[in-house]
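Below: one structure, written as structure tokens.
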Amino acid sequence: MVIHTRESIATRIINGELLFILNGNLIRVPQQWLSTHPGGALTILHFIGRDATDEVEAYHPKHILDNMRAFSQGPVQLSEHGWVPLLPPIATGWIRKLSTDGSFQWHNEATPEYSSESTPHSPSSQILLIKKAGTPIASGPSLASIQPPPTPLSLDVQAQHSAAYKELHKRVIDAGLYKTRHISGYGPDVARYIFLALSSYFLYQCQRFFLSAVFLGALWHQLMFICHDLGHVGVTHDWYKDRFLSMFLADFIGGVSIGWWVHNHNVHHIVPNHPSHDPDIQHLPFFAPTPAFFKSLYSSYYKRELTFDRVSQLAIAAQHRLFYVIMSLARFNLYRLSFRYLWITRNEPAKARGGRWVWWTEVVAICGFFCWYGRVLRGCGSWQTSVMYLIVSNMVPSPLHVQIVLSHYSRSTIDLGPLESFPHRQLRTTSDVICHPSVEFLHGGLHLQITHHLFPRLPRYNLKEASHLVKEFAKEQGLEYAEFGFIKGNSEVRSALRGVADQLKIMKIVADSEIREAMNRKAD
């Protein structure tokens, strides 16, 4: 049996093959699978040349893992502490695209900017993507470019974290935590949804439009939690059933594309808090959780430059003050992102799961949403009341957006390179929100974000039990398990945003001082 060496794998990646490591074996992904992979192409591209065992097993059920064996090329040559990772080409701006002659060729999206220092805020392993015009472009990545830069991490220690995580995952499985509690878990949720929907309807009939809007917004807020589980195929554990339910609840009832959310969320889970790759922290011109965004980074998700222009400068300088104002209106951005996703995917090949009927069902469902919601707004009697209903119903779900931000915005945004293990990356970039059991339903169970990030397919009603195991794991491995109360978490996020705003002000002061000095020298 042929044992694949690191050097031979690197050469094959340069030649365009999609290769990653799974349980010590080399997996070759067909190029055509990128466009049909249910989890999206980026979730594969970020692991080319890397050991993806922990991530693949966390995101896929057993029958999918069994199917992957058909793509195995045989064992790889491991070092004493496991696989020494290569740098995925996408990390330096390289992807494969279909050329005019029908063949796949390397295409450079952006230029990598390597850290010129080795500090806690900018380690030597950090690579950011910048769109630089006029930069000479090679014909493709080289053997040198897919070698990771130096990292402060140890392969030995990261291998220990990975081995311990595998044991933790086995304990979670043995405890039966992947089993869904339909009655005791989701039963109270369904009762809550019915209560909120009926309350909104009857209040509307009584012309209590403000209260009706509040209850409708509360319904949307609560529905997003079960849609989150459905998107992770964590309710029935059947892709078709979970997707159909989520399209009804998210698209038709809530007006938000579940297809967009899944596509976005999968990438977020893979590269949490990376400035160039994680769409969940790419919110210019409104927010910049790290000064790295001052460089007008390129987004590998949105496929465009995140330009740090004059509008961004004004907004970021006051982002800690505008935080709640912007968060209160965040749902309108979800509509925009849903439209954008459905538009750009209109001509994409059918996914391996669902086919084109999924896209059409989403389009019909969202059109249905705007039909019934538009009728609700028209029935308010006056345009002033309609505007009030529109704003209130869309502002009430805003605590959901605040909660999501709490779990990541105050955490690390540095890039520690492909050597970093799955558990180390998730614990470094994520935090929990501590709350009393009586109000856990307001957080939808997703206040336990660390455990969710380690086990994304876990039904959220089992996250609490699993979190006890995760805390033991973190303590044994010497990893920080960050958790804050809701008020403390808000303070941490606003403090982080204020810190970035302060750095922007300092940069402006320095720039103005340099301009004055230059003008004085010219005058002399």
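Going by the structure tokens order, chains are called A, B, ..., each with residues numbered from 1, while ligands are numbered from 1 in the order shown.
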Mind running region 200-252 of chain A against region 262-280 of chain A at 9 Å and telling me each contacting residue's nearest atom pair with the distance in Å (one decimal), counting only C-alpha atoms, chain and number ascending, as a Markdown table?
```
| residue | atom | partner | partner_atom | distance |
| --- | --- | --- | --- | --- |
| A:His228 | CA | A:Val262 | CA | 8.4 |
| A:Gly231 | CA | A:Val262 | CA | 5.8 |
| A:His232 | CA | A:Val262 | CA | 7.6 |
```
Atoms kept (N, CA, C and O atoms) for selection, written as an mmCIF file, in the first residue's frame:
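Output (again_8.cif):
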```cif
data_model
loop_
_atom_site.group_PDB
_atom_site.id
_atom_site.type_symbol
_atom_site.label_atom_id
_atom_site.label_comp_id
_atom_site.auth_asym_id
_atom_site.auth_seq_id
_atom_site.Cartn_x
_atom_site.Cartn_y
_atom_site.Cartn_z
ATOM 1 N N HIS A 228 -32.213 27.618 13.749
ATOM 2 C CA HIS A 228 -30.771 27.382 13.916
ATOM 3 C C HIS A 228 -30.495 25.892 14.041
ATOM 4 O O HIS A 228 -29.616 25.342 13.363
ATOM 5 N N GLY A 231 -31.181 24.141 10.749
ATOM 6 C CA GLY A 231 -30.102 24.391 9.792
ATOM 7 C C GLY A 231 -28.908 23.486 10.010
ATOM 8 O O GLY A 231 -28.193 23.134 9.060
ATOM 9 N N HIS A 232 -28.678 23.109 11.264
ATOM 10 C CA HIS A 232 -27.594 22.182 11.602
ATOM 11 C C HIS A 232 -28.040 20.720 11.513
ATOM 12 O O HIS A 232 -27.280 19.822 11.886
#
```
Find the residues near Lys179 (chain A): any atom within 10 Å, counting only C-alpha atoms, skip ones fewer than 3 places away on the same chain, and give them as a PDB file with all heavy atoms, in the first residue's frame.
```
ATOM      1  N   ILE A 173     -21.214  11.254  22.638  1.00  0.00           N
ATOM      2  CA  ILE A 173     -22.003  10.263  21.888  1.00  0.00           C
ATOM      3  C   ILE A 173     -22.526   9.175  22.819  1.00  0.00           C
ATOM      4  O   ILE A 173     -23.714   8.809  22.777  1.00  0.00           O
ATOM      5  CB  ILE A 173     -21.150   9.642  20.765  1.00  0.00           C
ATOM      6  CG1 ILE A 173     -20.796  10.705  19.711  1.00  0.00           C
ATOM      7  CG2 ILE A 173     -21.894   8.480  20.105  1.00  0.00           C
ATOM      8  CD1 ILE A 173     -19.809  10.231  18.664  1.00  0.00           C
ATOM      9  N   ALA A 175     -23.138   9.345  25.893  1.00  0.00           N
ATOM     10  CA  ALA A 175     -24.144   9.884  26.812  1.00  0.00           C
ATOM     11  C   ALA A 175     -25.500  10.079  26.126  1.00  0.00           C
ATOM     12  O   ALA A 175     -26.479  10.477  26.768  1.00  0.00           O
ATOM     13  CB  ALA A 175     -23.668  11.205  27.397  1.00  0.00           C
ATOM     14  N   GLY A 176     -25.558   9.802  24.830  1.00  0.00           N
ATOM     15  CA  GLY A 176     -26.810   9.926  24.088  1.00  0.00           C
ATOM     16  C   GLY A 176     -27.248  11.359  23.849  1.00  0.00           C
ATOM     17  O   GLY A 176     -28.438  11.631  23.630  1.00  0.00           O
ATOM     18  N   HIS A 182     -37.902  15.440  21.651  1.00  0.00           N
ATOM     19  CA  HIS A 182     -38.936  16.162  20.923  1.00  0.00           C
ATOM     20  C   HIS A 182     -40.015  16.728  21.833  1.00  0.00           C
ATOM     21  O   HIS A 182     -40.470  17.860  21.637  1.00  0.00           O
ATOM     22  CB  HIS A 182     -39.571  15.245  19.873  1.00  0.00           C
ATOM     23  CG  HIS A 182     -38.645  14.870  18.760  1.00  0.00           C
ATOM     24  ND1 HIS A 182     -38.015  13.647  18.695  1.00  0.00           N
ATOM     25  CD2 HIS A 182     -38.222  15.569  17.674  1.00  0.00           C
ATOM     26  CE1 HIS A 182     -37.251  13.598  17.605  1.00  0.00           C
ATOM     27  NE2 HIS A 182     -37.358  14.744  16.980  1.00  0.00           N
ATOM     28  N   GLY A 234     -30.195  19.274  13.338  1.00  0.00           N
ATOM     29  CA  GLY A 234     -30.111  18.802  14.714  1.00  0.00           C
ATOM     30  C   GLY A 234     -31.439  18.519  15.371  1.00  0.00           C
ATOM     31  O   GLY A 234     -31.490  18.282  16.581  1.00  0.00           O
ATOM     32  N   VAL A 235     -32.548  18.526  14.601  1.00  0.00           N
ATOM     33  CA  VAL A 235     -33.864  18.268  15.197  1.00  0.00           C
ATOM     34  C   VAL A 235     -34.335  16.854  14.851  1.00  0.00           C
ATOM     35  O   VAL A 235     -34.396  15.983  15.708  1.00  0.00           O
ATOM     36  CB  VAL A 235     -34.899  19.317  14.739  1.00  0.00           C
ATOM     37  CG1 VAL A 235     -36.274  19.012  15.342  1.00  0.00           C
ATOM     38  CG2 VAL A 235     -34.453  20.719  15.174  1.00  0.00           C
ATOM     39  N   THR A 236     -34.639  16.618  13.582  1.00  0.00           N
ATOM     40  CA  THR A 236     -35.022  15.258  13.183  1.00  0.00           C
ATOM     41  C   THR A 236     -33.808  14.454  12.734  1.00  0.00           C
ATOM     42  O   THR A 236     -33.888  13.230  12.604  1.00  0.00           O
ATOM     43  CB  THR A 236     -36.039  15.289  12.025  1.00  0.00           C
ATOM     44  OG1 THR A 236     -35.383  15.747  10.840  1.00  0.00           O
ATOM     45  CG2 THR A 236     -37.204  16.204  12.347  1.00  0.00           C
ATOM     46  N   HIS A 237     -32.694  15.153  12.470  1.00  0.00           N
ATOM     47  CA  HIS A 237     -31.458  14.549  11.952  1.00  0.00           C
ATOM     48  C   HIS A 237     -31.650  13.971  10.551  1.00  0.00           C
ATOM     49  O   HIS A 237     -30.846  13.170  10.086  1.00  0.00           O
ATOM     50  CB  HIS A 237     -30.924  13.469  12.903  1.00  0.00           C
ATOM     51  CG  HIS A 237     -30.651  13.986  14.284  1.00  0.00           C
ATOM     52  ND1 HIS A 237     -29.627  14.867  14.552  1.00  0.00           N
ATOM     53  CD2 HIS A 237     -31.288  13.770  15.462  1.00  0.00           C
ATOM     54  CE1 HIS A 237     -29.631  15.165  15.848  1.00  0.00           C
ATOM     55  NE2 HIS A 237     -30.631  14.519  16.418  1.00  0.00           N
ATOM     56  N   LEU A 458     -25.438  19.091  17.839  1.00  0.00           N
ATOM     57  CA  LEU A 458     -26.083  18.713  19.092  1.00  0.00           C
ATOM     58  C   LEU A 458     -27.381  19.507  19.284  1.00  0.00           C
ATOM     59  O   LEU A 458     -27.369  20.734  19.157  1.00  0.00           O
ATOM     60  CB  LEU A 458     -25.135  19.011  20.249  1.00  0.00           C
ATOM     61  CG  LEU A 458     -25.107  18.047  21.436  1.00  0.00           C
ATOM     62  CD1 LEU A 458     -24.705  16.659  20.994  1.00  0.00           C
ATOM     63  CD2 LEU A 458     -24.148  18.572  22.493  1.00  0.00           C
ATOM     64  N   PRO A 459     -28.509  18.834  19.569  1.00  0.00           N
ATOM     65  CA  PRO A 459     -29.738  19.585  19.871  1.00  0.00           C
ATOM     66  C   PRO A 459     -29.474  20.525  21.048  1.00  0.00           C
ATOM     67  O   PRO A 459     -28.848  20.148  22.030  1.00  0.00           O
ATOM     68  CB  PRO A 459     -30.736  18.483  20.256  1.00  0.00           C
ATOM     69  CG  PRO A 459     -30.226  17.249  19.562  1.00  0.00           C
ATOM     70  CD  PRO A 459     -28.732  17.374  19.598  1.00  0.00           C
ATOM     71  N   TYR A 461     -31.062  21.564  23.463  1.00  0.00           N
ATOM     72  CA  TYR A 461     -31.521  21.205  24.807  1.00  0.00           C
ATOM     73  C   TYR A 461     -30.573  20.235  25.501  1.00  0.00           C
ATOM     74  O   TYR A 461     -30.717  19.975  26.690  1.00  0.00           O
ATOM     75  CB  TYR A 461     -32.937  20.625  24.740  1.00  0.00           C
ATOM     76  CG  TYR A 461     -33.938  21.694  24.412  1.00  0.00           C
ATOM     77  CD1 TYR A 461     -34.473  21.811  23.136  1.00  0.00           C
ATOM     78  CD2 TYR A 461     -34.298  22.644  25.368  1.00  0.00           C
ATOM     79  CE1 TYR A 461     -35.360  22.826  22.829  1.00  0.00           C
ATOM     80  CE2 TYR A 461     -35.181  23.657  25.064  1.00  0.00           C
ATOM     81  CZ  TYR A 461     -35.711  23.739  23.801  1.00  0.00           C
ATOM     82  OH  TYR A 461     -36.575  24.758  23.496  1.00  0.00           O
ATOM     83  N   ASN A 462     -29.603  19.747  24.758  1.00  0.00           N
ATOM     84  CA  ASN A 462     -28.588  18.884  25.358  1.00  0.00           C
ATOM     85  C   ASN A 462     -27.262  19.613  25.560  1.00  0.00           C
ATOM     86  O   ASN A 462     -26.302  19.018  26.047  1.00  0.00           O
ATOM     87  CB  ASN A 462     -28.370  17.646  24.484  1.00  0.00           C
ATOM     88  CG  ASN A 462     -29.606  16.758  24.429  1.00  0.00           C
ATOM     89  OD1 ASN A 462     -30.438  16.781  25.323  1.00  0.00           O
ATOM     90  ND2 ASN A 462     -29.743  15.992  23.356  1.00  0.00           N
TER      91      ASN A 462
END
```
Using CA of Ser154 (chain A) and CA of Asn25 (chain A) as the two end points, give the distance in Å to one decimal.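 Straight-line distance from CA of Ser154 (chain A) to CA of Asn25 (chain A) works out to 22.4 Å.
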What are the closest atom pairs, with distances in Å to one decimal, for all residues of region 380-437 of chain A lying within 7 Å of region 214-219 of chain A? Consider only C-alpha atoms, order rows by chain and residue number, and present the result as a Markdown table.
```
| residue | atom | partner | partner_atom | distance |
| --- | --- | --- | --- | --- |
| A:Val392 | CA | A:Val214 | CA | 6.4 |
| A:Ser393 | CA | A:Gly217 | CA | 4.3 |
| A:Asn394 | CA | A:Gly217 | CA | 5.9 |
| A:Val396 | CA | A:Gly217 | CA | 5.0 |
| A:Pro397 | CA | A:Gly217 | CA | 5.5 |
```
Can you list, as an MDAnalysis selection string, every protein, DNA or RNA residue that comes within 12 Å of Ala191 (chain A) when you count only C-alpha atoms, leaving out same-chain residues fewer than 6 positions away? chainID A and resid 183:185 197:198 219 222:223
Show me, as number ranges by chain, the residues that have an atom within 12 Å of Gly187 (chain A) when counting only C-alpha atoms, minus same-chain residues fewer than 6 positions from it. A: 180-181, 193-194, 226, 461
Give me, please, the distance in Å between CA of Lys170 (chain A) and CA of Asp51 (chain A), quoted to one decimal.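 For CA of Lys170 (chain A) relative to CA of Asp51 (chain A), the distance reads 18.7 Å.
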So that I can see what lies close to Leu129 (chain A), please list as a list of chain:residue names the residues with an atom at most 9 Å from it, counting only C-alpha atoms and leaving out residues fewer than 2 positions away in the same chain. A:Ala91, A:Thr92, A:Gly93, A:Glu109, A:Ala110, A:Thr111, A:Pro112, A:Glu113, A:Tyr114, A:Ile127, A:Lys131, A:Pro275, A:Ser276, A:His277, A:Leu297, A:Tyr298, A:Ser299, A:Ser300
Dump N, CA, C and O atoms for the selected residues as an mmCIF file, in the first residue's frame?
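Wrote result-v3.cif, looks like this:
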```
data_model
loop_
_atom_site.group_PDB
_atom_site.id
_atom_site.type_symbol
_atom_site.label_atom_id
_atom_site.label_comp_id
_atom_site.auth_asym_id
_atom_site.auth_seq_id
_atom_site.Cartn_x
_atom_site.Cartn_y
_atom_site.Cartn_z
ATOM 1 N N ALA A 91 -6.065 30.503 1.764
ATOM 2 C CA ALA A 91 -5.536 31.381 2.812
ATOM 3 C C ALA A 91 -4.646 32.472 2.234
ATOM 4 O O ALA A 91 -4.450 33.524 2.856
ATOM 5 N N THR A 92 -4.098 32.230 1.047
ATOM 6 C CA THR A 92 -3.260 33.238 0.386
ATOM 7 C C THR A 92 -3.935 33.800 -0.870
ATOM 8 O O THR A 92 -3.284 34.376 -1.738
ATOM 9 N N GLY A 93 -5.257 33.585 -0.985
ATOM 10 C CA GLY A 93 -6.018 34.207 -2.066
ATOM 11 C C GLY A 93 -6.161 33.408 -3.332
ATOM 12 O O GLY A 93 -6.608 33.943 -4.350
ATOM 13 N N GLU A 109 -7.556 35.764 -6.103
ATOM 14 C CA GLU A 109 -8.594 36.695 -5.658
ATOM 15 C C GLU A 109 -8.020 37.909 -4.945
ATOM 16 O O GLU A 109 -8.541 39.023 -5.058
ATOM 17 N N ALA A 110 -6.967 37.691 -4.153
ATOM 18 C CA ALA A 110 -6.409 38.761 -3.331
ATOM 19 C C ALA A 110 -4.958 38.445 -3.003
ATOM 20 O O ALA A 110 -4.478 37.321 -3.205
ATOM 21 N N THR A 111 -4.276 39.445 -2.468
ATOM 22 C CA THR A 111 -2.869 39.306 -2.109
ATOM 23 C C THR A 111 -2.725 39.061 -0.609
ATOM 24 O O THR A 111 -3.340 39.779 0.185
ATOM 25 N N PRO A 112 -1.939 38.064 -0.229
ATOM 26 C CA PRO A 112 -1.760 37.822 1.212
ATOM 27 C C PRO A 112 -0.846 38.869 1.843
ATOM 28 O O PRO A 112 0.165 39.260 1.261
ATOM 29 N N GLU A 113 -1.204 39.313 3.019
ATOM 30 C CA GLU A 113 -0.357 40.219 3.785
ATOM 31 C C GLU A 113 0.094 39.470 5.041
ATOM 32 O O GLU A 113 -0.701 39.212 5.944
ATOM 33 N N TYR A 114 1.348 39.109 5.083
ATOM 34 C CA TYR A 114 1.896 38.359 6.213
ATOM 35 C C TYR A 114 2.267 39.319 7.335
ATOM 36 O O TYR A 114 2.667 40.463 7.087
ATOM 37 N N ILE A 127 -2.142 35.786 8.516
ATOM 38 C CA ILE A 127 -2.222 36.143 7.096
ATOM 39 C C ILE A 127 -3.576 36.799 6.846
ATOM 40 O O ILE A 127 -4.624 36.205 7.109
ATOM 41 N N LYS A 131 -6.817 43.399 -1.349
ATOM 42 C CA LYS A 131 -6.987 43.533 -2.800
ATOM 43 C C LYS A 131 -6.063 44.646 -3.280
ATOM 44 O O LYS A 131 -6.358 45.841 -3.107
ATOM 45 N N PRO A 275 -10.594 37.783 10.363
ATOM 46 C CA PRO A 275 -11.017 39.010 9.693
ATOM 47 C C PRO A 275 -11.244 38.883 8.188
ATOM 48 O O PRO A 275 -12.115 39.549 7.634
ATOM 49 N N SER A 276 -10.470 38.026 7.507
ATOM 50 C CA SER A 276 -10.605 37.903 6.049
ATOM 51 C C SER A 276 -11.579 36.811 5.615
ATOM 52 O O SER A 276 -11.951 36.766 4.445
ATOM 53 N N HIS A 277 -11.981 35.944 6.544
ATOM 54 C CA HIS A 277 -12.757 34.772 6.129
ATOM 55 C C HIS A 277 -14.107 34.590 6.820
ATOM 56 O O HIS A 277 -14.981 33.930 6.267
ATOM 57 N N LEU A 297 -9.688 45.083 4.075
ATOM 58 C CA LEU A 297 -9.443 43.665 3.814
ATOM 59 C C LEU A 297 -10.318 43.141 2.683
ATOM 60 O O LEU A 297 -11.382 43.691 2.374
ATOM 61 N N TYR A 298 -9.851 42.032 2.092
ATOM 62 C CA TYR A 298 -10.651 41.310 1.100
ATOM 63 C C TYR A 298 -11.383 40.181 1.819
ATOM 64 O O TYR A 298 -10.805 39.470 2.650
ATOM 65 N N SER A 299 -12.665 40.004 1.513
ATOM 66 C CA SER A 299 -13.464 38.933 2.105
ATOM 67 C C SER A 299 -13.538 37.742 1.161
ATOM 68 O O SER A 299 -14.060 37.859 0.048
ATOM 69 N N SER A 300 -13.026 36.600 1.600
ATOM 70 C CA SER A 300 -13.106 35.392 0.775
ATOM 71 C C SER A 300 -14.530 34.860 0.717
ATOM 72 O O SER A 300 -14.855 34.043 -0.152
#
```
Taking only residues of region 202-240 of chain A that have an atom at most 12 Å from an atom of region 330-339 of chain A, what is each one's shortest atom pair and its distance in Å to one decimal, using only C-alpha atoms, in chain and number order, as a Markdown table?
```
| residue | atom | partner | partner_atom | distance |
| --- | --- | --- | --- | --- |
| A:Gly217 | CA | A:Arg331 | CA | 10.3 |
| A:Trp220 | CA | A:Arg331 | CA | 10.1 |
| A:His221 | CA | A:Arg331 | CA | 10.1 |
| A:Met224 | CA | A:Arg331 | CA | 11.4 |
```
So that I can see what lies close to region 486-492 of chain A, please list as a list in words the residues with an atom at most 7 Å from it, counting only C-alpha atoms and leaving out residues fewer than 2 positions away in the same chain. Leu406, Ser410, Val433, Ile434, Cys435, Phe484, Arg494, Ser495 and Ala496 of chain A
Would you return as an mmCIF file with all heavy atoms, in the first residue's frame the members of region 297-479 of chain A that DSSP assigns to strand (DSSP E) on this structure's backbone?
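Generated output (part_22.cif):
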```
data_model
loop_
_atom_site.group_PDB
_atom_site.id
_atom_site.type_symbol
_atom_site.label_atom_id
_atom_site.label_comp_id
_atom_site.auth_asym_id
_atom_site.auth_seq_id
_atom_site.Cartn_x
_atom_site.Cartn_y
_atom_site.Cartn_z
ATOM 1 N N TYR A 298 -9.851 42.032 2.092
ATOM 2 C CA TYR A 298 -10.651 41.310 1.100
ATOM 3 C C TYR A 298 -11.383 40.181 1.819
ATOM 4 O O TYR A 298 -10.805 39.470 2.650
ATOM 5 C CB TYR A 298 -9.759 40.728 0.009
ATOM 6 C CG TYR A 298 -10.536 39.954 -1.047
ATOM 7 C CD1 TYR A 298 -11.162 40.621 -2.094
ATOM 8 C CD2 TYR A 298 -10.648 38.570 -0.979
ATOM 9 C CE1 TYR A 298 -11.883 39.931 -3.058
ATOM 10 C CE2 TYR A 298 -11.367 37.866 -1.941
ATOM 11 C CZ TYR A 298 -11.988 38.547 -2.977
ATOM 12 O OH TYR A 298 -12.704 37.860 -3.918
ATOM 13 N N SER A 299 -12.665 40.004 1.513
ATOM 14 C CA SER A 299 -13.464 38.933 2.105
ATOM 15 C C SER A 299 -13.538 37.742 1.161
ATOM 16 O O SER A 299 -14.060 37.859 0.048
ATOM 17 C CB SER A 299 -14.882 39.428 2.409
ATOM 18 O OG SER A 299 -15.733 38.336 2.735
ATOM 19 N N ARG A 304 -15.286 40.304 -2.239
ATOM 20 C CA ARG A 304 -15.116 41.729 -2.523
ATOM 21 C C ARG A 304 -14.267 42.365 -1.433
ATOM 22 O O ARG A 304 -14.050 41.775 -0.363
ATOM 23 C CB ARG A 304 -16.463 42.438 -2.607
ATOM 24 C CG ARG A 304 -17.260 42.430 -1.298
ATOM 25 C CD ARG A 304 -18.553 43.211 -1.434
ATOM 26 N NE ARG A 304 -19.387 43.124 -0.248
ATOM 27 C CZ ARG A 304 -19.248 43.890 0.834
ATOM 28 N NH1 ARG A 304 -18.289 44.811 0.874
ATOM 29 N NH2 ARG A 304 -20.054 43.751 1.857
ATOM 30 N N GLU A 305 -13.803 43.563 -1.724
ATOM 31 C CA GLU A 305 -13.039 44.317 -0.732
ATOM 32 C C GLU A 305 -13.983 44.957 0.280
ATOM 33 O O GLU A 305 -15.034 45.497 -0.087
ATOM 34 C CB GLU A 305 -12.222 45.401 -1.427
ATOM 35 C CG GLU A 305 -11.374 46.232 -0.481
ATOM 36 C CD GLU A 305 -10.639 47.360 -1.196
ATOM 37 O OE1 GLU A 305 -11.266 48.409 -1.449
ATOM 38 O OE2 GLU A 305 -9.451 47.151 -1.526
ATOM 39 N N ASP A 432 -19.370 31.946 26.383
ATOM 40 C CA ASP A 432 -20.741 31.639 26.804
ATOM 41 C C ASP A 432 -21.358 32.843 27.504
ATOM 42 O O ASP A 432 -20.651 33.718 28.008
ATOM 43 C CB ASP A 432 -20.759 30.457 27.769
ATOM 44 C CG ASP A 432 -20.623 29.121 27.065
ATOM 45 O OD1 ASP A 432 -20.553 29.103 25.826
ATOM 46 O OD2 ASP A 432 -20.573 28.084 27.762
ATOM 47 N N VAL A 433 -22.684 32.853 27.543
ATOM 48 C CA VAL A 433 -23.426 33.859 28.308
ATOM 49 C C VAL A 433 -24.081 33.147 29.483
ATOM 50 O O VAL A 433 -24.859 32.207 29.300
ATOM 51 C CB VAL A 433 -24.497 34.550 27.442
ATOM 52 C CG1 VAL A 433 -25.313 35.530 28.287
ATOM 53 C CG2 VAL A 433 -23.849 35.272 26.269
ATOM 54 N N ILE A 434 -23.746 33.567 30.688
ATOM 55 C CA ILE A 434 -24.320 32.961 31.894
ATOM 56 C C ILE A 434 -25.693 33.569 32.145
ATOM 57 O O ILE A 434 -25.851 34.791 32.154
ATOM 58 C CB ILE A 434 -23.419 33.203 33.121
ATOM 59 C CG1 ILE A 434 -22.006 32.679 32.866
ATOM 60 C CG2 ILE A 434 -24.014 32.557 34.358
ATOM 61 C CD1 ILE A 434 -21.008 33.085 33.929
#
```
